[in-house]
Amino acid sequence: MKLLYFAWVRERIGLTDETVEPPAHIGTVGDLLGWLRTRGEGYEAALVEPEAIRVALDHDHAEHDASIVGIREVALFPPMTGG
Amino acid sequence: MKLLYFAWVRERIGLTDETVEPPAHIGTVGDLLGWLRTRGEGYEAALVEPEAIRVALDHDHAEHDASIVGIREVALFPPMTGG
Amino acid sequence: MALIRTAVTDAPLDLAGEFAGVSNGRADVGAVVTFTGLCRDEDGRLEALELEHYPGMAEAEITRIATLAAERWDVQALTVLHRYGKVTPGEAIVLVVAASSHRHAAFEAAEFVMDFLKTHAPFWKKEHALDGSTAGWVEARIADDEAEARWNKDA
Amino acid sequence: MALIRTAVTDAPLDLAGEFAGVSNGRADVGAVVTFTGLCRDEDGRLEALELEHYPGMAEAEITRIATLAAERWDVQALTVLHRYGKVTPGEAIVLVVAASSHRHAAFEAAEFVMDFLKTHAPFWKKEHALDGSTAGWVEARIADDEAEARWNKDA
């Protein structure tokens, strides 16, 4: 599963993207965020307020209770500020 | 009192403007329209449906019950179609 | 104070120039909404529209409407230009440009100006058909009165 | 069918060219509304905004939003362009052009696109200050969520 990070999520984690294989019990976006927080200080700094994190699954906006089963690309980012 | 006519009111009356002295008992826009209708066929054709006539008194939109006392310029025209 | 510019003219309207007029040289403008009303060819039968206006009152009404809009919404600049004389299909009849730091103010000010202009500015359109005949005066639309009325309900 | 054109680009946006693109050569367009979102200088302290975007999804979301608007309102053409990369004060960040035979459809389609774009298109603004420091990421505004939500109430 490919992960992409944008804006201050990218800056805090220190990566633009990476490919991970979460454990089998990680079934939802929320599970994934919790698991990522255990992977180091940068992740913890980026994801300490999970409710501030917006998520796209294969280019579609998704809620934190959405399933990530079968998803190829997960993007994590702050609320958007375009326009 | 100067009268100005626009669009099909102008075409039917056959004048762009004229200066008139209505009788003393002509106090309102409605009175004026009724009096003008007696002045000839063109006026009758233009003003036969008075409710279709819009009026401006000295450049301000006015209703048919408005007083014309002291007014210098009265414009008669159909509903506007600009924009 | 909003910068208000209004004109009634027989010259072509210049969208890019008017846009630059409200935004160039001032970096405090965040949103610019423009409205352009164009002469249509009415399925190919129209040669031109002839716009009659009431000189003096037309300018005064447009300025009054622009001033009302600038009092009601937080706009930095508001430009309202209206053509008179002959206008051919594809040409602009009316141009409104509203600049603001807030996009909704710019949208609403421009829409308000158009709704009031349709019902209050003394202009009349006569159609000239391509076959040389005069097709007659355009009739006012009830929808335009309703469009204007809704701004009173909001108030 | 509305002609929809969307792009995510690092090149300057051309209002006059995009206006011509929806109106030139077609005399059935009666109303064109444009919205331009400009980079402000924030009282002189801003050197530039840096717009980060999610390539692939940004284009897809803008096209999705434009298509939604074209389904909901009777527009003949709808253009939505968004910059990425560095944008300096006075430059356009976003340009929406809506052409219709009815002015209210053009106004509402353009405003709807902007409200949804603010909350759904994956772009993020970072401020670069004139003094050389990076002033940080622009925060999302709750007013933008509210602006988007009202279109659901209308439906």
# chains A, B, ... in the order shown; residues from 1 in each chain; ligands from 1

$ interface_residues --of "chain A" --to "chain D" --cutoff "12 Å" --atoms "only C-alpha atoms" --output "VMD selection string"
chain A and resid 4 to 11 16 to 17 52 54 to 62 73 to 83

$ write_last_selection --atoms "N, CA and C atoms" --output "mmCIF file, in the first residue's frame"
data_model
loop_
_atom_site.group_PDB
_atom_site.id
_atom_site.type_symbol
_atom_site.label_atom_id
_atom_site.label_comp_id
_atom_site.auth_asym_id
_atom_site.auth_seq_id
_atom_site.Cartn_x
_atom_site.Cartn_y
_atom_site.Cartn_z
ATOM 1 N N LEU A 4 0.896 8.574 0.701
ATOM 2 C CA LEU A 4 1.370 9.898 0.275
ATOM 3 C C LEU A 4 1.051 10.905 1.365
ATOM 4 N N TYR A 5 1.967 11.857 1.560
ATOM 5 C CA TYR A 5 1.770 12.883 2.588
ATOM 6 C C TYR A 5 1.893 14.263 1.958
ATOM 7 N N PHE A 6 1.045 15.181 2.422
ATOM 8 C CA PHE A 6 1.073 16.532 1.853
ATOM 9 C C PHE A 6 1.120 17.594 2.943
ATOM 10 N N ALA A 7 1.665 18.755 2.564
ATOM 11 C CA ALA A 7 1.704 19.958 3.394
ATOM 12 C C ALA A 7 2.400 19.646 4.721
ATOM 13 N N TRP A 8 1.821 20.102 5.861
ATOM 14 C CA TRP A 8 2.570 19.892 7.115
ATOM 15 C C TRP A 8 2.601 18.432 7.549
ATOM 16 N N VAL A 9 1.726 17.604 7.068
ATOM 17 C CA VAL A 9 1.837 16.161 7.357
ATOM 18 C C VAL A 9 3.138 15.625 6.726
ATOM 19 N N ARG A 10 3.381 16.006 5.479
ATOM 20 C CA ARG A 10 4.617 15.629 4.778
ATOM 21 C C ARG A 10 5.852 16.165 5.516
ATOM 22 N N GLU A 11 5.779 17.437 5.923
ATOM 23 C CA GLU A 11 6.944 18.046 6.574
ATOM 24 C C GLU A 11 7.259 17.363 7.907
ATOM 25 N N THR A 16 7.710 12.318 1.356
ATOM 26 C CA THR A 16 6.589 12.640 0.459
ATOM 27 C C THR A 16 5.711 11.406 0.267
ATOM 28 N N ASP A 17 6.348 10.209 0.267
ATOM 29 C CA ASP A 17 5.569 8.983 0.097
ATOM 30 C C ASP A 17 6.395 7.803 0.547
ATOM 31 N N ALA A 52 -7.650 16.160 12.763
ATOM 32 C CA ALA A 52 -7.211 17.219 11.839
ATOM 33 C C ALA A 52 -6.726 16.644 10.512
ATOM 34 N N ARG A 54 -7.095 14.772 7.013
ATOM 35 C CA ARG A 54 -8.017 14.385 5.944
ATOM 36 C C ARG A 54 -7.377 13.260 5.147
ATOM 37 N N VAL A 55 -8.217 12.427 4.558
ATOM 38 C CA VAL A 55 -7.732 11.199 3.929
ATOM 39 C C VAL A 55 -8.363 11.026 2.551
ATOM 40 N N ALA A 56 -7.556 10.586 1.600
ATOM 41 C CA ALA A 56 -8.090 10.171 0.299
ATOM 42 C C ALA A 56 -7.643 8.731 0.038
ATOM 43 N N LEU A 57 -8.600 7.914 -0.402
ATOM 44 C CA LEU A 57 -8.326 6.523 -0.745
ATOM 45 C C LEU A 57 -8.434 6.394 -2.264
ATOM 46 N N ASP A 58 -7.334 6.053 -2.904
ATOM 47 C CA ASP A 58 -7.315 5.990 -4.374
ATOM 48 C C ASP A 58 -7.978 7.221 -4.992
ATOM 49 N N HIS A 59 -7.589 8.413 -4.508
ATOM 50 C CA HIS A 59 -8.016 9.722 -5.058
ATOM 51 C C HIS A 59 -9.431 10.143 -4.665
ATOM 52 N N ASP A 60 -10.093 9.376 -3.787
ATOM 53 C CA ASP A 60 -11.420 9.800 -3.332
ATOM 54 C C ASP A 60 -11.372 10.165 -1.845
ATOM 55 N N HIS A 61 -12.012 11.289 -1.501
ATOM 56 C CA HIS A 61 -12.084 11.657 -0.091
ATOM 57 C C HIS A 61 -12.775 10.545 0.696
ATOM 58 N N ALA A 62 -12.282 10.279 1.939
ATOM 59 C CA ALA A 62 -12.872 9.211 2.756
ATOM 60 C C ALA A 62 -12.877 9.617 4.223
ATOM 61 N N GLU A 73 -3.647 3.301 -2.824
ATOM 62 C CA GLU A 73 -2.975 4.555 -2.507
ATOM 63 C C GLU A 73 -3.765 5.315 -1.441
ATOM 64 N N VAL A 74 -3.115 5.581 -0.315
ATOM 65 C CA VAL A 74 -3.737 6.349 0.767
ATOM 66 C C VAL A 74 -2.976 7.661 0.919
ATOM 67 N N ALA A 75 -3.700 8.783 0.835
ATOM 68 C CA ALA A 75 -3.056 10.087 1.017
ATOM 69 C C ALA A 75 -3.542 10.711 2.315
ATOM 70 N N LEU A 76 -2.611 11.263 3.082
ATOM 71 C CA LEU A 76 -2.930 11.932 4.348
ATOM 72 C C LEU A 76 -2.509 13.387 4.238
ATOM 73 N N PHE A 77 -3.408 14.297 4.647
ATOM 74 C CA PHE A 77 -3.102 15.722 4.491
ATOM 75 C C PHE A 77 -3.974 16.554 5.409
ATOM 76 N N PRO A 78 -3.588 17.823 5.631
ATOM 77 C CA PRO A 78 -4.429 18.723 6.438
ATOM 78 C C PRO A 78 -5.641 19.175 5.624
ATOM 79 N N PRO A 79 -6.611 19.858 6.271
ATOM 80 C CA PRO A 79 -7.715 20.452 5.517
ATOM 81 C C PRO A 79 -7.169 21.290 4.357
ATOM 82 N N MET A 80 -7.846 21.225 3.234
ATOM 83 C CA MET A 80 -7.353 21.867 2.019
ATOM 84 C C MET A 80 -7.537 23.375 2.060
ATOM 85 N N THR A 81 -6.636 24.086 1.406
ATOM 86 C CA THR A 81 -6.675 25.554 1.403
ATOM 87 C C THR A 81 -6.450 26.115 -0.005
ATOM 88 N N GLY A 82 -6.950 25.411 -0.998
ATOM 89 C CA GLY A 82 -6.822 25.906 -2.373
ATOM 90 C C GLY A 82 -7.845 26.980 -2.683
ATOM 91 N N GLY A 83 -7.894 27.355 -3.957
ATOM 92 C CA GLY A 83 -8.906 28.300 -4.438
ATOM 93 C C GLY A 83 -8.542 29.730 -4.194
#

$ select_by_dssp --residues "chain A" --states "helix (DSSP H, G or I)" --output "ChimeraX atom specification"
/A:7-13,29-37,41-47,50-52

$ residues_around --residues "B:Thr19" --least-positions-apart "5" --cutoff "8 Å" --atoms "only C-alpha atoms" --output "NGL selection string"
:B and (1-3)

$ write_last_selection --atoms "C-alpha atoms" --output "mmCIF file, in the first residue's frame"
data_model
loop_
_atom_site.group_PDB
_atom_site.id
_atom_site.type_symbol
_atom_site.label_atom_id
_atom_site.label_comp_id
_atom_site.auth_asym_id
_atom_site.auth_seq_id
_atom_site.Cartn_x
_atom_site.Cartn_y
_atom_site.Cartn_z
ATOM 1 C CA MET B 1 -43.348 70.551 -18.276
ATOM 2 C CA LYS B 2 -41.081 68.551 -20.567
ATOM 3 C CA LEU B 3 -42.265 65.097 -21.637
#

$ closest_atom_pairs --of "chain C" --to "chain D" --cutoff "8 Å" --atoms "only C-alpha atoms" --output "tab-separated table"
residue	atom	partner	partner_atom	distance
C:Leu15	CA	D:Ala16	CA	7.1
C:Ala16	CA	D:Ala16	CA	5.7
C:Ser23	CA	D:Gly90	CA	7.3
C:Asn24	CA	D:Gly90	CA	7.1
C:Gly25	CA	D:Gly90	CA	7.8
C:Arg26	CA	D:Gly90	CA	7.3
C:Ala27	CA	D:Arg40	CA	5.0
C:Asp28	CA	D:Arg40	CA	5.2
C:Val29	CA	D:Arg40	CA	6.3
C:Gly30	CA	D:Leu38	CA	4.8
C:Ala31	CA	D:Gly37	CA	4.7
C:Val32	CA	D:Thr36	CA	5.1
C:Val33	CA	D:Phe35	CA	4.6
C:Thr34	CA	D:Thr34	CA	5.1
C:Phe35	CA	D:Val33	CA	4.6
C:Thr36	CA	D:Val32	CA	5.1
C:Gly37	CA	D:Ala31	CA	4.7
C:Leu38	CA	D:Gly30	CA	4.8
C:Cys39	CA	D:Gly30	CA	6.3
C:Arg40	CA	D:Ala27	CA	4.9
C:Asp41	CA	D:Ala27	CA	5.4
C:Glu42	CA	D:Asp28	CA	6.9
C:Asp43	CA	D:Asp28	CA	7.2
C:Pro89	CA	D:Ala27	CA	5.8
C:Gly90	CA	D:Ala27	CA	5.2
C:Arg103	CA	D:Gly37	CA	8.0
C:His104	CA	D:Glu111	CA	7.9
C:Phe107	CA	D:Glu111	CA	7.3
C:Glu111	CA	D:Phe107	CA	7.2

$ atom_distance --atom1 "atom CA of B:Arg37" --atom2 "atom CA of B:His64"
14.8 Å

$ select_by_dssp --residues "stretch 39-126 of chain D" --states "strand (DSSP E)" --output "PyMOL selection string"
chain D and resi 46-53+75-83+85-87+92-100+123-126

$ write_last_selection --atoms "N, CA, C and O atoms" --output "CSV table (one decimal), in the first residue's frame"
chain,number,residue,atom,x,y,z
D,46,LEU,N,3.9,39.5,2.5
D,46,LEU,CA,4.0,38.3,1.7
D,46,LEU,C,4.9,38.5,0.4
D,46,LEU,O,4.6,39.4,-0.4
D,47,GLU,N,5.8,37.5,0.3
D,47,GLU,CA,6.6,37.5,-1.0
D,47,GLU,C,5.9,36.7,-2.0
D,47,GLU,O,5.9,37.0,-3.2
D,48,ALA,N,5.4,35.5,-1.5
D,48,ALA,CA,4.8,34.6,-2.5
D,48,ALA,C,4.0,33.5,-1.7
D,48,ALA,O,4.2,33.3,-0.5
D,49,LEU,N,3.0,32.9,-2.4
D,49,LEU,CA,2.4,31.7,-1.9
D,49,LEU,C,3.0,30.5,-2.7
D,49,LEU,O,3.2,30.6,-3.9
D,50,GLU,N,3.2,29.4,-1.9
D,50,GLU,CA,3.6,28.2,-2.6
D,50,GLU,C,2.4,27.3,-2.6
D,50,GLU,O,1.9,26.9,-1.5
D,51,LEU,N,1.9,26.8,-3.7
D,51,LEU,CA,0.8,26.0,-3.7
D,51,LEU,C,1.2,24.5,-4.0
D,51,LEU,O,1.7,24.2,-5.1
D,52,GLU,N,1.0,23.7,-3.0
D,52,GLU,CA,1.3,22.3,-3.1
D,52,GLU,C,0.0,21.6,-3.6
D,52,GLU,O,-1.1,22.0,-3.2
D,53,HIS,N,0.1,20.6,-4.4
D,53,HIS,CA,-1.1,19.9,-4.8
D,53,HIS,C,-0.8,18.4,-4.9
D,53,HIS,O,0.3,17.9,-4.8
D,75,VAL,N,-25.6,25.3,-17.9
D,75,VAL,CA,-24.5,26.1,-18.5
D,75,VAL,C,-24.0,25.5,-19.8
D,75,VAL,O,-24.2,24.3,-20.1
D,76,GLN,N,-23.6,26.4,-20.7
D,76,GLN,CA,-23.1,26.0,-22.0
D,76,GLN,C,-21.6,25.6,-22.0
D,76,GLN,O,-21.2,24.8,-22.7
D,77,ALA,N,-20.9,26.3,-21.1
D,77,ALA,CA,-19.4,26.0,-21.0
D,77,ALA,C,-19.0,26.3,-19.5
D,77,ALA,O,-19.6,27.3,-18.9
D,78,LEU,N,-18.1,25.5,-19.0
D,78,LEU,CA,-17.6,25.8,-17.7
D,78,LEU,C,-16.1,25.4,-17.7
D,78,LEU,O,-15.7,24.3,-18.0
D,79,THR,N,-15.3,26.4,-17.3
D,79,THR,CA,-13.8,26.3,-17.3
D,79,THR,C,-13.4,26.5,-15.9
D,79,THR,O,-13.8,27.5,-15.2
D,80,VAL,N,-12.5,25.6,-15.4
D,80,VAL,CA,-12.0,25.7,-14.0
D,80,VAL,C,-10.5,25.5,-14.1
D,80,VAL,O,-10.0,24.3,-14.5
D,81,LEU,N,-9.7,26.5,-13.8
D,81,LEU,CA,-8.2,26.4,-13.8
D,81,LEU,C,-7.6,26.7,-12.5
D,81,LEU,O,-8.1,27.6,-11.8
D,82,HIS,N,-6.6,25.9,-12.1
D,82,HIS,CA,-6.0,26.2,-10.7
D,82,HIS,C,-4.5,26.1,-10.9
D,82,HIS,O,-4.0,25.2,-11.5
D,83,ARG,N,-3.8,27.1,-10.3
D,83,ARG,CA,-2.4,27.1,-10.3
D,83,ARG,C,-1.8,26.2,-9.3
D,83,ARG,O,-2.4,26.0,-8.2
D,85,GLY,N,2.5,25.6,-7.5
D,85,GLY,CA,3.8,26.2,-7.5
D,85,GLY,C,3.8,27.6,-6.9
D,85,GLY,O,2.8,27.9,-6.2
D,86,LYS,N,4.8,28.4,-7.1
D,86,LYS,CA,4.9,29.7,-6.5
D,86,LYS,C,4.0,30.7,-7.3
D,86,LYS,O,4.0,30.8,-8.5
D,87,VAL,N,3.2,31.5,-6.5
D,87,VAL,CA,2.4,32.5,-7.0
D,87,VAL,C,2.7,33.8,-6.3
D,87,VAL,O,2.7,33.7,-5.0
D,92,ALA,N,-3.2,35.4,-10.3
D,92,ALA,CA,-4.4,34.6,-10.1
D,92,ALA,C,-4.0,33.2,-9.7
D,92,ALA,O,-3.1,32.6,-10.2
D,93,ILE,N,-4.7,32.7,-8.7
D,93,ILE,CA,-4.5,31.3,-8.2
D,93,ILE,C,-5.6,30.4,-8.9
D,93,ILE,O,-5.3,29.3,-9.2
D,94,VAL,N,-6.8,30.9,-9.0
D,94,VAL,CA,-7.8,30.1,-9.6
D,94,VAL,C,-8.7,31.0,-10.5
D,94,VAL,O,-8.9,32.2,-10.2
D,95,LEU,N,-9.2,30.3,-11.5
D,95,LEU,CA,-10.1,31.0,-12.5
D,95,LEU,C,-11.2,30.1,-12.9
D,95,LEU,O,-11.0,29.0,-13.3
D,96,VAL,N,-12.4,30.6,-12.7
D,96,VAL,CA,-13.6,29.9,-13.1
D,96,VAL,C,-14.4,30.8,-14.1
D,96,VAL,O,-14.5,32.0,-13.9
D,97,VAL,N,-14.8,30.2,-15.2
D,97,VAL,CA,-15.6,30.9,-16.2
D,97,VAL,C,-16.8,30.0,-16.5
D,97,VAL,O,-16.7,28.9,-16.9
D,98,ALA,N,-18.0,30.6,-16.3
D,98,ALA,CA,-19.2,29.9,-16.6
D,98,ALA,C,-20.0,30.7,-17.6
D,98,ALA,O,-20.3,31.9,-17.4
D,99,ALA,N,-20.4,30.0,-18.7
D,99,ALA,CA,-21.2,30.6,-19.8
D,99,ALA,C,-22.6,29.9,-19.8
D,99,ALA,O,-22.7,28.7,-19.7
D,100,SER,N,-23.6,30.7,-20.0
D,100,SER,CA,-25.0,30.2,-20.0
D,100,SER,C,-25.9,31.2,-20.8
D,100,SER,O,-25.5,32.3,-21.1
D,123,PHE,N,-5.3,21.1,-2.6
D,123,PHE,CA,-4.3,22.1,-2.7
D,123,PHE,C,-4.0,22.6,-1.3
D,123,PHE,O,-4.9,22.7,-0.5
D,124,TRP,N,-2.8,23.0,-1.0
D,124,TRP,CA,-2.4,23.6,0.2
D,124,TRP,C,-1.5,24.8,0.0
D,124,TRP,O,-0.6,24.7,-0.8
D,125,LYS,N,-1.8,25.9,0.7
D,125,LYS,CA,-1.0,27.1,0.5
D,125,LYS,C,0.0,27.3,1.6
D,125,LYS,O,-0.4,27.3,2.8
D,126,LYS,N,1.2,27.6,1.3
D,126,LYS,CA,2.3,27.9,2.2
D,126,LYS,C,2.7,29.4,1.9
D,126,LYS,O,3.0,29.7,0.8
